[in-house]
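Colleague: My structure is stored as data-v9.cif, with mmCIF, C-alpha atoms.
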```
data_input
loop_
_atom_site.label_atom_id
_atom_site.label_comp_id
_atom_site.auth_asym_id
_atom_site.auth_seq_id
_atom_site.Cartn_x
_atom_site.Cartn_y
_atom_site.Cartn_z
CA MET P 1 33.41 47.21 -10.08
CA ASN P 2 30.99 50.05 -10.61
CA TRP P 3 27.49 48.67 -9.98
CA THR P 4 25.55 51.31 -11.89
CA GLY P 5 23.71 51.64 -15.18
CA VAL P 6 22.04 48.90 -17.19
CA MET P 7 23.53 45.45 -16.72
CA PRO P 8 21.87 42.52 -18.48
CA ALA P 9 21.13 39.32 -16.64
CA MET P 10 22.46 37.58 -19.72
CA THR P 11 20.79 34.57 -21.25
CA THR P 12 22.86 31.52 -22.18
CA ALA P 13 22.71 30.61 -25.87
CA PHE P 14 22.48 26.95 -26.82
CA ARG P 15 23.17 25.11 -30.05
CA GLU P 16 20.75 22.52 -31.46
CA ASP P 17 22.30 19.82 -29.28
CA LEU P 18 21.85 22.14 -26.26
CA SER P 19 25.57 22.64 -25.78
CA VAL P 20 26.64 26.20 -24.98
CA ASP P 21 27.12 28.38 -28.06
CA HIS P 22 30.23 30.28 -26.99
CA ASP P 23 30.56 32.22 -30.24
CA PHE P 24 27.11 33.69 -29.72
CA VAL P 25 27.68 34.31 -26.00
CA ALA P 26 30.65 36.48 -26.92
CA ARG P 27 28.84 38.31 -29.73
CA HIS P 28 25.76 38.89 -27.59
CA ALA P 29 27.79 40.39 -24.71
CA VAL P 30 29.63 42.76 -27.05
CA TRP P 31 26.37 43.78 -28.78
CA MET P 32 24.79 44.82 -25.49
CA VAL P 33 27.86 46.73 -24.32
CA ASP P 34 27.99 48.47 -27.71
CA ALA P 35 24.43 49.62 -27.00
CA GLY P 36 25.46 51.27 -23.75
CA CYS P 37 25.24 48.54 -21.12
CA THR P 38 27.80 48.99 -18.33
CA GLY P 39 28.60 45.30 -17.77
CA ILE P 40 26.98 41.88 -17.80
CA VAL P 41 25.81 39.43 -15.16
CA ALA P 42 26.21 35.81 -16.22
CA LEU P 43 24.95 32.50 -14.78
CA GLY P 44 21.81 33.90 -13.17
CA SER P 45 18.29 32.50 -13.34
CA LEU P 46 17.80 34.00 -16.79
CA GLY P 47 21.11 32.44 -17.77
CA GLU P 48 19.71 29.05 -16.78
CA GLY P 49 22.54 28.68 -14.29
CA ALA P 50 20.84 25.78 -12.52
CA THR P 51 21.16 23.67 -15.69
CA LEU P 52 24.86 24.35 -16.22
CA THR P 53 27.71 22.21 -14.95
CA LEU P 54 30.55 23.81 -13.02
CA GLU P 55 32.80 23.35 -16.05
CA GLU P 56 30.26 25.03 -18.33
CA LYS P 57 29.95 27.95 -15.92
CA ALA P 58 33.71 28.44 -15.90
CA ALA P 59 33.80 28.35 -19.70
CA ILE P 60 30.97 30.89 -20.05
CA LEU P 61 32.72 33.29 -17.68
CA LYS P 62 35.99 32.87 -19.54
CA THR P 63 34.27 33.54 -22.87
CA SER P 64 32.50 36.63 -21.54
CA VAL P 65 35.59 38.12 -19.91
CA LYS P 66 37.65 37.57 -23.06
CA ALA P 67 34.96 39.05 -25.30
CA LEU P 68 34.60 42.26 -23.28
CA GLY P 69 38.22 42.73 -22.28
CA ASN P 70 38.62 46.09 -20.55
CA ARG P 71 35.43 47.53 -22.04
CA ALA P 72 33.03 46.35 -19.34
CA PRO P 73 33.10 44.07 -16.30
CA VAL P 74 31.62 40.60 -15.96
CA ALA P 75 29.85 39.60 -12.76
CA ALA P 76 29.09 35.97 -11.97
CA GLY P 77 25.88 34.77 -10.40
CA ILE P 78 26.78 32.63 -7.39
CA SER P 79 24.02 30.17 -6.59
CA ALA P 80 24.21 26.61 -5.39
CA LEU P 81 22.53 24.02 -3.22
CA SER P 82 25.40 24.01 -0.74
CA THR P 83 27.62 26.66 0.76
CA ALA P 84 30.72 24.70 -0.20
CA GLU P 85 29.73 24.65 -3.87
CA ALA P 86 28.87 28.35 -3.81
CA VAL P 87 32.29 29.19 -2.36
CA LYS P 88 33.96 27.03 -5.00
CA LEU P 89 32.05 28.83 -7.75
CA ALA P 90 33.01 32.23 -6.32
CA LYS P 91 36.69 31.35 -6.35
CA MET P 92 36.38 29.97 -9.86
CA ALA P 93 34.77 33.22 -11.03
CA ALA P 94 37.70 35.17 -9.63
CA ASP P 95 40.13 32.84 -11.41
CA GLN P 96 38.31 33.44 -14.72
CA GLY P 97 38.76 37.20 -14.44
CA CYS P 98 35.34 38.29 -13.23
CA GLN P 99 35.25 41.64 -11.47
CA GLY P 100 32.16 41.05 -9.37
CA LEU P 101 29.83 38.48 -7.83
CA MET P 102 26.06 38.44 -7.57
CA VAL P 103 25.46 36.53 -4.35
CA LEU P 104 22.29 34.47 -3.95
CA PRO P 105 20.89 32.51 -1.00
CA PRO P 106 21.04 28.73 -1.37
CA TYR P 107 18.58 27.10 -3.72
CA VAL P 108 15.82 25.06 -2.08
CA TYR P 109 16.87 25.39 1.57
CA SER P 110 15.73 28.56 3.29
CA THR P 111 15.43 29.04 7.04
CA ASP P 112 16.41 31.71 9.53
CA TRP P 113 18.70 34.72 9.36
CA ARG P 114 21.55 33.01 11.23
CA GLU P 115 21.93 30.30 8.59
CA MET P 116 21.31 32.53 5.58
CA LYS P 117 23.80 35.10 6.88
CA ALA P 118 26.44 32.40 7.33
CA HIS P 119 25.92 31.20 3.75
CA VAL P 120 26.18 34.68 2.26
CA GLU P 121 29.20 35.66 4.35
CA ALA P 122 31.07 32.53 3.30
CA ILE P 123 30.70 33.68 -0.31
CA LEU P 124 31.55 37.31 0.44
CA ARG P 125 34.73 36.26 2.23
CA ALA P 126 35.82 33.67 -0.34
CA THR P 127 37.35 36.33 -2.62
CA PRO P 128 38.15 40.06 -2.51
CA LEU P 129 35.79 40.68 -5.42
CA SER P 130 33.13 43.38 -5.30
CA CYS P 131 29.79 41.77 -4.40
CA MET P 132 26.11 42.47 -4.94
CA LEU P 133 23.53 40.70 -2.76
CA TYR P 134 20.53 39.41 -4.69
CA ASN P 135 17.28 39.72 -2.75
CA ASN P 136 14.46 37.89 -4.50
CA PRO P 137 12.06 36.41 -1.93
CA VAL P 138 9.51 35.53 -4.61
CA ALA P 139 11.88 33.15 -6.40
CA TYR P 140 14.19 32.00 -3.61
CA LYS P 141 12.00 32.15 -0.46
CA THR P 142 14.70 33.95 1.52
CA ASP P 143 13.87 37.60 2.15
CA PHE P 144 16.84 39.74 3.19
CA LEU P 145 15.30 42.56 5.20
CA PRO P 146 16.85 46.04 5.10
CA GLU P 147 18.11 45.69 8.68
CA GLN P 148 19.78 42.38 7.84
CA ILE P 149 21.38 43.82 4.71
CA ALA P 150 22.70 46.69 6.82
CA GLU P 151 24.23 44.15 9.21
CA LEU P 152 25.97 42.37 6.33
CA ALA P 153 27.24 45.65 4.93
CA GLY P 154 28.60 46.69 8.31
CA GLU P 155 30.67 43.52 8.61
CA ASN P 156 31.74 42.99 4.98
CA SER P 157 33.37 45.86 3.14
CA ASN P 158 33.25 44.13 -0.25
CA LEU P 159 29.45 44.01 -0.16
CA VAL P 160 28.84 47.15 -2.18
CA ALA P 161 25.47 46.67 -3.88
CA VAL P 162 22.03 45.09 -3.62
CA LYS P 163 19.87 43.77 -6.42
CA GLU P 164 16.41 44.40 -5.01
CA SER P 165 13.78 42.13 -6.56
CA SER P 166 11.11 41.98 -3.88
CA ALA P 167 8.90 44.01 -6.27
CA ASP P 168 8.27 46.44 -3.40
CA VAL P 169 9.73 49.82 -4.31
CA ARG P 170 9.51 50.78 -0.63
CA ARG P 171 12.49 48.48 -0.03
CA VAL P 172 14.66 50.90 -2.00
CA THR P 173 13.50 53.74 0.23
CA ALA P 174 14.07 51.68 3.38
CA LEU P 175 17.60 50.73 2.35
CA ARG P 176 18.41 54.33 1.56
CA SER P 177 17.02 55.41 4.93
CA ILE P 178 19.16 52.93 6.87
CA LEU P 179 22.33 52.87 4.78
CA GLY P 180 22.43 56.19 2.97
CA ASN P 181 24.86 55.74 0.07
CA ARG P 182 26.79 52.85 1.66
CA LEU P 183 25.31 50.40 -0.88
CA ARG P 184 24.36 50.91 -4.49
CA ILE P 185 20.82 49.72 -5.09
CA LEU P 186 19.91 48.12 -8.39
CA VAL P 187 16.40 47.23 -9.55
CA GLY P 188 16.01 43.56 -10.40
CA VAL P 189 12.41 43.65 -11.64
CA ASP P 190 12.07 44.78 -15.23
CA ASP P 191 8.76 46.62 -14.92
CA LEU P 192 9.74 48.59 -11.82
CA ILE P 193 12.71 50.51 -13.18
CA VAL P 194 11.26 54.03 -13.43
CA GLU P 195 9.74 53.78 -9.96
CA GLY P 196 12.94 52.30 -8.57
CA ILE P 197 15.10 55.12 -9.89
CA ALA P 198 12.69 57.67 -8.44
CA ALA P 199 13.20 55.98 -5.06
CA GLY P 200 16.99 56.10 -5.32
CA ALA P 201 18.17 53.09 -7.34
CA VAL P 202 21.27 53.65 -9.49
CA GLY P 203 21.29 50.50 -11.61
CA TRP P 204 19.13 47.97 -13.40
CA ILE P 205 19.83 44.25 -13.70
CA ALA P 206 17.51 43.76 -16.65
CA GLY P 207 16.06 40.89 -18.65
CA LEU P 208 14.53 42.33 -21.82
CA VAL P 209 17.79 44.17 -22.41
CA ASN P 210 18.94 40.87 -23.96
CA ALA P 211 16.72 41.74 -26.93
CA PHE P 212 16.27 45.50 -26.58
CA PRO P 213 19.49 46.99 -25.20
CA ARG P 214 19.22 50.43 -26.79
CA GLU P 215 15.68 50.93 -25.56
CA SER P 216 16.65 49.71 -22.09
CA VAL P 217 19.57 52.13 -21.86
CA ALA P 218 17.47 55.00 -23.21
CA LEU P 219 14.72 54.37 -20.64
CA PHE P 220 17.19 54.10 -17.76
CA ASN P 221 19.05 57.25 -18.75
CA ALA P 222 15.85 59.26 -19.21
CA ALA P 223 14.54 58.16 -15.82
CA GLN P 224 17.84 59.01 -14.15
CA ARG P 225 17.84 62.48 -15.70
CA GLY P 226 14.29 63.14 -14.55
CA GLN P 227 13.01 63.34 -18.12
CA ASP P 228 9.53 62.33 -19.24
CA THR P 229 9.59 58.54 -19.70
CA SER P 230 5.85 58.03 -20.17
CA LYS P 231 5.87 57.31 -23.91
CA LEU P 232 8.89 54.99 -23.92
CA TYR P 233 7.85 53.24 -20.69
CA SER P 234 4.31 52.71 -21.97
CA TRP P 235 5.67 51.08 -25.14
CA PHE P 236 8.13 48.94 -23.18
CA LEU P 237 5.92 47.74 -20.31
CA PRO P 238 4.18 44.82 -22.11
CA LEU P 239 7.65 43.49 -22.98
CA LEU P 240 9.09 44.15 -19.53
CA ARG P 241 6.26 42.21 -17.93
CA LEU P 242 7.46 39.09 -19.76
CA ASP P 243 10.27 39.08 -17.17
CA THR P 244 7.86 38.68 -14.25
CA VAL P 245 6.32 35.26 -14.96
CA PRO P 246 7.63 31.69 -14.45
CA LYS P 247 8.46 31.15 -18.14
CA PHE P 248 10.39 34.41 -18.44
CA VAL P 249 13.44 32.65 -19.87
CA GLN P 250 11.50 31.18 -22.77
CA MET P 251 9.75 34.48 -23.44
CA ILE P 252 12.88 36.60 -23.41
CA LYS P 253 14.65 34.16 -25.71
CA LEU P 254 11.68 34.43 -28.09
CA ALA P 255 12.13 38.20 -28.06
CA GLN P 256 15.81 37.74 -28.87
CA ALA P 257 14.93 35.48 -31.79
CA ALA P 258 12.43 38.05 -33.06
CA VAL P 259 15.10 40.75 -33.27
CA GLY P 260 17.66 38.39 -34.80
CA MET P 261 19.86 38.07 -31.71
CA GLY P 262 19.39 34.54 -30.47
CA ASN P 263 17.17 31.50 -30.63
CA PRO P 264 14.39 30.11 -28.41
CA ARG P 265 16.27 27.01 -27.28
CA VAL P 266 16.20 26.28 -23.53
CA ARG P 267 17.43 23.39 -21.42
CA PRO P 268 15.05 21.02 -19.64
CA PRO P 269 13.20 21.08 -17.38
CA ARG P 270 12.25 24.16 -19.36
CA LEU P 271 10.62 23.50 -22.73
CA GLN P 272 9.98 25.90 -25.55
CA LEU P 273 6.56 27.55 -25.53
CA GLU P 274 3.74 26.17 -27.60
CA GLY P 275 0.01 26.64 -28.14
CA ALA P 276 -1.72 29.66 -26.62
CA GLU P 277 1.35 30.68 -24.59
CA LEU P 278 3.45 30.87 -27.72
CA ARG P 279 0.83 32.78 -29.69
CA GLU P 280 0.24 35.28 -26.88
CA THR P 281 3.95 35.90 -26.32
CA LYS P 282 4.62 36.36 -30.02
CA ALA P 283 1.71 38.80 -30.22
CA VAL P 284 3.22 40.95 -27.47
CA ILE P 285 6.60 40.95 -29.19
CA GLN P 286 5.24 41.64 -32.67
CA THR P 287 3.05 44.49 -31.44
CA ALA P 288 6.10 46.04 -29.79
CA LEU P 289 8.22 45.64 -32.91
CA ALA P 290 5.49 47.19 -35.07
CA ASN P 291 5.50 50.27 -32.86
CA GLN P 292 9.18 50.36 -31.92
CA PRO P 293 10.29 53.89 -31.08
CA LYS P 294 13.49 55.45 -32.35
CA VAL P 295 16.00 55.92 -29.54
#
```
What is this structure when it is put down as structure tokens?

Modeller:
Amino acid sequence: MNWTGVMPAMTTAFREDLSVDHDFVARHAVWMVDAGCTGIVALGSLGEGATLTLEEKAAILKTSVKALGNRAPVAAGISALSTAEAVKLAKMAADQGCQGLMVLPPYVYSTDWREMKAHVEAILRATPLSCMLYNNPVAYKTDFLPEQIAELAGENSNLVAVKESSADVRRVTALRSILGNRLRILVGVDDLIVEGIAAGAVGWIAGLVNAFPRESVALFNAAQRGQDTSKLYSWFLPLLRLDTVPKFVQMIKLAQAAVGMGNPRVRPPRLQLEGAELRETKAVIQTALANQPKV
């Protein structure tokens, strides 16, 4: 699996009864790949993976793989409360035809490097699939330091990428300094993409791409080519910042609904936005749509 380019952390579409809308999942994945995305990442935080049963996760992966065929790979987010469940999910993803895994630390429990390394390595060694480590200390409490990531990479050949979401662009520089080109580094924070590419990142696991794939691909490509991104980035930043707050799932789904590619339904404990939050989010989206650039 080639961990480069723009890869959406894909949302999970729900019907009115909050069952998974597989027809839309398939259409949404194809729509984003048609716009230039290089693959999709399913079952992550934006995909509301914590609210999905194991059976639902398997079905979503099957739907996504079938929809994209040989056009683009599907990577599965591997997150669980226990190591045993995470390993089971990794094997299931391989069985469903996924080409890669996004490996997370365990939900809730976070301690020292010895335990976190053991958890991650169990997932890495569960299948031969290409793996990307997800470092997001803000959301998951575990912070994989560059030296620790280098240790994992030295002992596990199928660890080939890192999704860096610490929001510190210096982490990209530090990883490059220690590992050179051993790992591909992907930005996991929407409003840090131009800075991340300047520091050496080669991919973007993005959120607003679910609603604005063409703009996302255009911004990424321009930044990679060293072109002037100021105008496009300035337009996009208010939207991209929707991905950096606790209710990012609700906000991104609202953006999808606004462009006619989805609905705002979410699964509890999340609830749809209302009141001032809803008005403010809609205002950001409508202002962006009123000034949408041609790309």

Colleague: Hey, which of P:Gly275, P:Pro137, P:Gly262, P:Gly69 ends up closest to Pro106 in chain P? Count all atoms listed in the file.

Modeller: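 Smallest separation from Pro106 in chain P among the options: P:Pro137.
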
Colleague: Which one is closest to Ile185 in chain P: P:Ser234, P:Asn135, P:Gln250, P:Asn221? Count all atoms listed in the file.

Modeller: P:Asn135

Colleague: Name all residues at most 10 Å from Ala223 in chain P (count only C-alpha atoms; drop same-chain ones fewer than 3 positions away) and give them as a ChimeraX atom specification.

Modeller: /P:193-198,217-220,226-230,233

Colleague: For Thr244 in chain P, which of P:Asn70, P:Thr173, P:Ser64, P:Asn136 is the closest residue, counting all atoms listed in the file?

Modeller: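 Once distances to Thr244 in chain P are computed over all atoms listed in the file, the minimum belongs to P:Asn136.
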
Colleague: Just to confirm, what's the straight-line distance from CA of Leu152 in chain P to CA of Leu52 in chain P in Å (one decimal)?

Modeller: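 Interatomic distance here is 28.9 Å.
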
Colleague: Please build the interface table for range 143-214 of chain P against range 10-32 of chain P with a cut-off of 12 Å, listing for each qualifying residue the nearest atom pair and the distance in Å to one decimal; count only C-alpha atoms, order rows by chain and increasing number, and write it as a Markdown table.

Modeller:
```
| residue | atom | partner | partner_atom | distance |
| --- | --- | --- | --- | --- |
| P:Ile205 | CA | P:Met10 | CA | 9.4 |
| P:Ala206 | CA | P:Met10 | CA | 8.5 |
| P:Gly207 | CA | P:Met10 | CA | 7.3 |
| P:Leu208 | CA | P:Met10 | CA | 9.5 |
| P:Val209 | CA | P:Met32 | CA | 7.7 |
| P:Asn210 | CA | P:Met10 | CA | 6.4 |
| P:Ala211 | CA | P:Met32 | CA | 8.8 |
| P:Phe212 | CA | P:Met32 | CA | 8.6 |
| P:Pro213 | CA | P:Met32 | CA | 5.7 |
| P:Arg214 | CA | P:Met32 | CA | 8.0 |
```

Colleague: Give the answer as one residue: which of P:Leu240, P:Val266, P:Ala72, P:Ala118 has the shortest atom-to-atom distance to Ala50 in chain P, using only C-alpha atoms?

Modeller: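 Going through P:Leu240, P:Val266, P:Ala72, P:Ala118 one by one, the smallest distance to Ala50 in chain P is for P:Val266.
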
Colleague: Just how far from CA of Arg225 in chain P is CA of Leu237 in chain P, in Å to one decimal?

Modeller: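 A separation of 19.5 Å between them.
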
Colleague: Which residue is closest to Pro128 in chain P? Choose from P:Lys141, P:Arg267, P:Lys91, P:Lys62 and count only C-alpha atoms.

Modeller: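 Checking each candidate against Pro128 in chain P, we get P:Lys91 as the closest.
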
Colleague: Which distance in Å separates CA of Leu54 in chain P and CA of Val162 in chain P, to one decimal?

Modeller: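 So the two atoms, CA of Leu54 in chain P and CA of Val162 in chain P, lie 24.8 Å apart.
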
Colleague: Could you tell me which of P:Leu254, P:Pro269, P:Ser130, P:Ala9 comes closest to Val187 in chain P if we count only C-alpha atoms?

Modeller: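 Answer, going by the shortest atom-to-atom distance: P:Ala9.
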
Colleague: Give as a ChimeraX atom specification the residues that the PyMOL selection byres ((chain P and resi 255) around 8) matches when applied to the coordinates above.

Modeller: /P:208,211,251-254,256-259,282,285

Colleague: Include C-alpha atoms and write out the residues we just selected as a compact mmCIF listing (two decimals), in the frame of the given file.

Modeller:
```
# COMPACT_ATOMS: atom_id res chain seq x y z
CA LEU P 208 14.53 42.33 -21.82
CA ALA P 211 16.72 41.74 -26.93
CA MET P 251 9.75 34.48 -23.44
CA ILE P 252 12.88 36.60 -23.41
CA LYS P 253 14.65 34.16 -25.71
CA LEU P 254 11.68 34.43 -28.09
CA GLN P 256 15.81 37.74 -28.87
CA ALA P 257 14.93 35.48 -31.79
CA ALA P 258 12.43 38.05 -33.06
CA VAL P 259 15.10 40.75 -33.27
CA LYS P 282 4.62 36.36 -30.02
CA ILE P 285 6.60 40.95 -29.19
```

Colleague: Assuming the chain letters and numbering stay as they are in my file, what does the PyMOL selection byres ((chain P and resi 73) around 9) actually select? List them as a list of chain:residue names.

Modeller: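 Evaluating the PyMOL selection byres ((chain P and resi 73) around 9) on these coordinates yields P:Met1, P:Asn2, P:Thr38, P:Gly39, P:Ile40, P:Val41, P:Val65, P:Leu68, P:Gly69, P:Asn70, P:Arg71, P:Ala72, P:Val74, P:Ala75, P:Cys98, P:Gln99, P:Gly100.
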
Colleague: Just need the box for range 104-111 of chain P, edges along x, y and z, holding every atom the file lists for it with 6 Å tacked onto each side, so centre and edge lengths in Å to one decimal, as AutoDock Vina command-line options.

Modeller:
```
--center_x 18.9 --center_y 29.8 --center_z 1.5 --size_x 18.9 --size_y 21.4 --size_z 23.0
```

Colleague: Evaluating the PyMOL selection byres ((chain P and resi 155) around 12) on the displayed file yields which residues, as an MDAnalysis selection string?

Modeller: chainID P and resid 117:118 120:121 124:125 148:154 156:160

Colleague: List the neighbours of Leu101 in chain P out to 7 Å using all atoms listed in the file; skip same-chain residues closer than 2 positions along the sequence, and give me the result as a ChimeraX atom specification.

Modeller: /P:75-78,103,129-132
